[in-house]
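K.L.:
My structure is below; once you've seen it, I'll send some questions.
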Amino acid sequence: MASSSGVGAGVQGVHASVAALDALDAISVLDREDAFLASGVAVGSGAALGSGVGVGSGVDVLRRRYEIRLERLELAARLEAQLAAMKARDAAEAIGFQQAMTPPDASIQDRTYAEMSVVEEIAGVLTVSSAAAGALVEQSRKICSLPPVFQALSTGAMSWQHARIVADETEGLDPAGAAALVAHFFDPDAPHPARGATPGELVPSRFRAKVRAWRERHHPETLQKRHAKGVADRRMEYTPDRDGMAWVSLYLPGDTACAIWNRTTATARGLQGPNEPRTITQLRPDIAASLLLSNGASTSAGSRPGTEIDKVPTPRADVLVTVPVFSLLGLTDEPAVLDGLGPIPASMARKLVADGADSFYRVLVDPRDGAPLEIGRRNYRLTETIKRWIRMRDGKCTFPGCTNGTPDNDTDHLQACECGGTTGTSNLAQLCPKHHRLKHRSQWTPDPATNNESPGWTSPTGHHYKPEHPHPEPPYWPQWLMPTEYQRLDAGCANARCVDASPEDLPPWEPDDDSLIDPDDLAPDDPLWAELLASPFALST
C-alpha cells in the first residue's frame, strides 16, 4: 500500500504536469498571435487566429510583439521550473525504488553500491558526471522532503536555483529547524512569516542572503562557535586558469576580508582620474598584488610606474555594523550584521565598535521590534547621517534584481526636487550608478519609500516588483529583563541567556524618555556600566 507521503508526491506530480501543459498552451496562443502580427494581415482579420485573439485598430504592433517576447520568457521560466520539479521527483523516487528492491538483509556495503549504481544510471541518461548526478540526487531528495518547497517549484512559482538554495541552507539543520526555515519563507500563516517579495520574486543571490541571515540567527549552534570552526579552516587557494591567468582566493574572518576589500576599493578610487585608463575592477587586483609582493605599501600600483600606494589619497569607505542594543552590551550573543557581508558573531561586532575600527559605524537596533534606533553620528553632517540611514534601510541598490551594495551607490531622490520631492528618508533610496542613470533615461518608476521600507518598482510594460529590502526580526532579550509571565526560552536559541520574543509576545514597553544609553558616551570606568549590568531599569537615562 502506498504511503501518504507517496500519494502526496503523486498528487503534486499530477499538478506539476497539468501546470506544465497550461504553460505550453499559453505559449502556443502567444506564438499564434505573434505570427499573425508578423504577417501584416489587415486589421479586423483577427478571427483567423482563433481562441478569440485579434488585433484592434489601436494596437502598436511592434510594442505588442515586444510584450509577447517578455510574456513568453516568463512562461518559459515557469515551464523550466516545472520540468525541474519533475526531474527532482524522478531522481528522488529512483533512489527510493532501488532501496525498496534491495533485500532487507543486504549489507551496508551492498546497499551503498546499489545506490551508487542508481547515481551512475542517472548520470548516464542525463549525460552528466557522476559528481553532478550525485549532487542532483541529494538536492532532489532534500527538496522533495520539504513539501512547500517542492510545491513552489512544481507550480513554477520559483526556479530550480531557488529550490537548490533551500537545500543548501538547510544542510546541517535538524528536521525541525529545516521545517521552521521553510515555514518562514513559504507559509504565509507561519507565526512570523517573511514579508515583502516572495522567494520566486527575488533573484537567487538575494534570496540566498535572506535565507542565510535567517539560518544564522536561528541555528541551534551559536554563530560564535561556528565562526571559531571556520577560523580554524582559514586558507589561501591557488587555481590555474586558461589564457595564462590564475585565481588566488582567501578564506578569512569576515571583518578582515571586508577590510581588505574596502582598502583596495578606496585605493582604487584614489588612483582613478583622467590619466588612469584602468577600471576599478582592474585596479583592485593590481593594488592587491602590489601590496602582497612589495616590501611595503610604497610601490607602484600594478603597471603604472611612479605611483606610490601610500601616497594615493584614499576616500573613506564607510561600513555599517548593525548591532542589537543588548548584544552590544554583552547581555545576549545575538549576531550583528556587517554591511556587505551579513551576520557576524556578536563578539566580532563588539570588537569592531570597541576598537574604534576605521570606517566602521555602529547602528543600534531597538530591542522592541528590531527597527534601527540611530547611527553613531559624532562629527557627521546631517546629510551624511541620512545617507548612512538609507544604506542601512535598503541594504543594496533598490532596483529589482540588483545586488550592488557598495558604498559607491548613489542616494537618489525618488521624486525629483523640481517636481515637489523632499530630501527625507521617504523620498530617498539607494541606486547603483548604472540604475541611477537608467531611472532618469527610461520609464522605470519607483514607488514611494517609508522610513523603514525601500521602494518597489514598476517597469515600462507595467510589471510591478515588490521591495527586496531585508526585514529585521525582533531582537533577543536577556531573560532577566522580561516580566515573568513572558519569559520563555526559544528551543531553537543556542544562547540560554536570551529569549526570541516578537512584538506581539511582549507587553507594551516604553522608556521614561527617548534617550537610551549610548555606549559611545560612557567612559570605560563610568559607574553607569556597573549599574546597567546590575539593573534592568538602568536602560533608560
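We label chains A, B, ... in the order they appear in the C-alpha cells, count residues from 1 in each chain, and number ligands from 1 in the order shown.
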Would you kindly return, as a list of chain:residue names, each protein, DNA or RNA residue with an atom no farther than 8 Å from any atom of Pro343 (chain A), considering only C-alpha atoms and excluding same-chain residues fewer than 2 positions away?

P.N.:
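The contact residues come out as A:Ala213, A:Glu216, A:Arg217, A:Pro335, A:Ala336, A:Val337, A:Leu338, A:Leu341, A:Pro345.
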
K.L.:
Restrict the selected residues to all heavy atoms and save them as a compact mmCIF listing (two decimals), in the first residue's frame.

P.N.:
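In the end it all went to part-v4.txt:
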# COMPACT_ATOMS: atom_id res chain seq x y z
N ALA A 213 20.69 34.67 6.36
CA ALA A 213 20.55 35.52 7.54
C ALA A 213 19.61 34.89 8.56
O ALA A 213 19.88 34.90 9.77
CB ALA A 213 20.05 36.91 7.13
N GLU A 216 21.43 31.83 10.15
CA GLU A 216 22.45 32.19 11.12
C GLU A 216 21.83 32.59 12.45
O GLU A 216 22.37 32.29 13.51
CB GLU A 216 23.29 33.37 10.58
CG GLU A 216 24.05 33.07 9.30
CD GLU A 216 25.23 32.14 9.50
OE1 GLU A 216 25.21 31.32 10.44
OE2 GLU A 216 26.18 32.21 8.71
N ARG A 217 20.70 33.24 12.37
CA ARG A 217 20.04 33.71 13.60
C ARG A 217 19.38 32.58 14.37
O ARG A 217 19.33 32.60 15.60
CB ARG A 217 19.01 34.77 13.23
CG ARG A 217 18.22 35.34 14.39
CD ARG A 217 17.20 36.35 13.88
NE ARG A 217 16.29 36.75 14.93
CZ ARG A 217 16.50 37.74 15.79
NH1 ARG A 217 17.62 38.42 15.70
NH2 ARG A 217 15.63 38.04 16.72
N PRO A 335 23.65 37.59 16.84
CA PRO A 335 24.55 38.07 15.79
C PRO A 335 24.25 39.52 15.39
O PRO A 335 23.12 39.99 15.47
CB PRO A 335 24.28 37.12 14.62
CG PRO A 335 23.70 35.89 15.24
CD PRO A 335 22.92 36.38 16.42
N ALA A 336 25.29 40.21 14.97
CA ALA A 336 25.15 41.53 14.36
C ALA A 336 25.20 41.35 12.85
O ALA A 336 25.33 40.22 12.35
CB ALA A 336 26.27 42.45 14.84
N VAL A 337 25.08 42.44 12.10
CA VAL A 337 25.12 42.38 10.64
C VAL A 337 26.15 43.37 10.14
O VAL A 337 26.09 44.56 10.45
CB VAL A 337 23.74 42.71 10.02
CG1 VAL A 337 23.84 42.72 8.49
CG2 VAL A 337 22.70 41.69 10.46
N LEU A 338 27.13 42.87 9.38
CA LEU A 338 28.16 43.70 8.79
C LEU A 338 27.77 44.04 7.37
O LEU A 338 27.50 43.15 6.55
CB LEU A 338 29.50 42.97 8.82
CG LEU A 338 30.72 43.73 8.28
CD1 LEU A 338 30.96 45.02 9.07
CD2 LEU A 338 31.97 42.86 8.34
N LEU A 341 28.43 41.97 4.07
CA LEU A 341 28.81 40.60 4.40
C LEU A 341 27.62 39.80 4.89
O LEU A 341 27.28 38.76 4.34
CB LEU A 341 29.93 40.58 5.46
CG LEU A 341 30.31 39.20 5.99
CD1 LEU A 341 30.97 38.38 4.89
CD2 LEU A 341 31.24 39.31 7.19
N PRO A 345 29.47 37.19 14.32
CA PRO A 345 29.32 36.94 15.76
C PRO A 345 29.27 38.24 16.55
O PRO A 345 29.89 39.24 16.18
CB PRO A 345 30.58 36.13 16.10
CG PRO A 345 31.05 35.55 14.81
CD PRO A 345 30.68 36.56 13.76

K.L.:
Pick out the residues sitting within 9 Å of region 153-166 of chain A, and hand them over as a VMD selection string; count only C-alpha atoms, and ignore anything fewer than 5 positions along from it in its own chain.

P.N.:
chain A and resid 12 to 13 15 to 17 19 to 20 75 77 to 86 139 to 140 142 to 143 148 171 178 181 to 182 198 to 205 207 to 208 211

K.L.:
Taking the DSSP secondary structure from the backbone, can you list the residues of region 81-158 of chain A that are alpha helix (DSSP H), as a count of residues only?

P.N.:
63

K.L.:
Distance CA of Leu173 (chain A)-CA of Glu221 (chain A), one decimal place?

P.N.:
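So the two atoms, CA of Leu173 (chain A) and CA of Glu221 (chain A), lie 9.7 Å apart.
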
K.L.:
Show which residues sit within 10 Å of Pro400 (chain A), as a VMD selection string. Count only C-alpha atoms, and ignore same-chain residues fewer than 5 positions away.

P.N.:
chain A and resid 201 to 203 435 455 to 459 464 to 468

K.L.:
Export C-alpha atoms of the chosen residues as a JSON list (two decimals), in the first residue's frame?

P.N.:
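Done, and the output landed in selection.json:
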[["chain", "number", "residue", "atom", "x", "y", "z"],
["A", 201, "GLU", "CA", 10.29, 37.25, -6.86],
["A", 202, "LEU", "CA", 13.85, 37.62, -5.58],
["A", 203, "VAL", "CA", 16.93, 36.96, -7.69],
["A", 435, "HIS", "CA", 20.41, 52.01, -12.42],
["A", 455, "PRO", "CA", 10.58, 51.39, -2.66],
["A", 456, "GLY", "CA", 9.16, 48.87, -5.10],
["A", 457, "TRP", "CA", 9.41, 49.46, -8.85],
["A", 458, "THR", "CA", 7.16, 49.42, -11.93],
["A", 459, "SER", "CA", 8.65, 48.59, -15.33],
["A", 464, "HIS", "CA", 5.42, 45.67, -10.60],
["A", 465, "TYR", "CA", 8.31, 44.45, -8.46],
["A", 466, "LYS", "CA", 7.99, 44.42, -4.69],
["A", 467, "PRO", "CA", 10.76, 45.81, -2.45],
["A", 468, "GLU", "CA", 13.63, 43.41, -1.81]]

K.L.:
Please, what distance in Å, to one decimal, runs between CA of Met116 (chain A) and CA of Gln151 (chain A)?

P.N.:
28.0 Å

K.L.:
How far is it from CA of Arg269 (chain A) to CA of Gln415 (chain A), in Å with one decimal?

P.N.:
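According to the coordinates, CA of Arg269 (chain A) and CA of Gln415 (chain A) are separated by 29.3 Å.
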
K.L.:
Can you list, as a list of chain:residue names, every protein, DNA or RNA residue that comes within 9 Å of region 225-242 of chain A when you count only C-alpha atoms, leaving out same-chain residues fewer than 4 positions away?

P.N.:
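Returned residues: A:Glu221, A:Ala246, A:Trp247, A:Val248, A:Ser249, A:Leu250, A:Tyr251, A:Leu252, A:Pro253, A:Ile344, A:Pro345.
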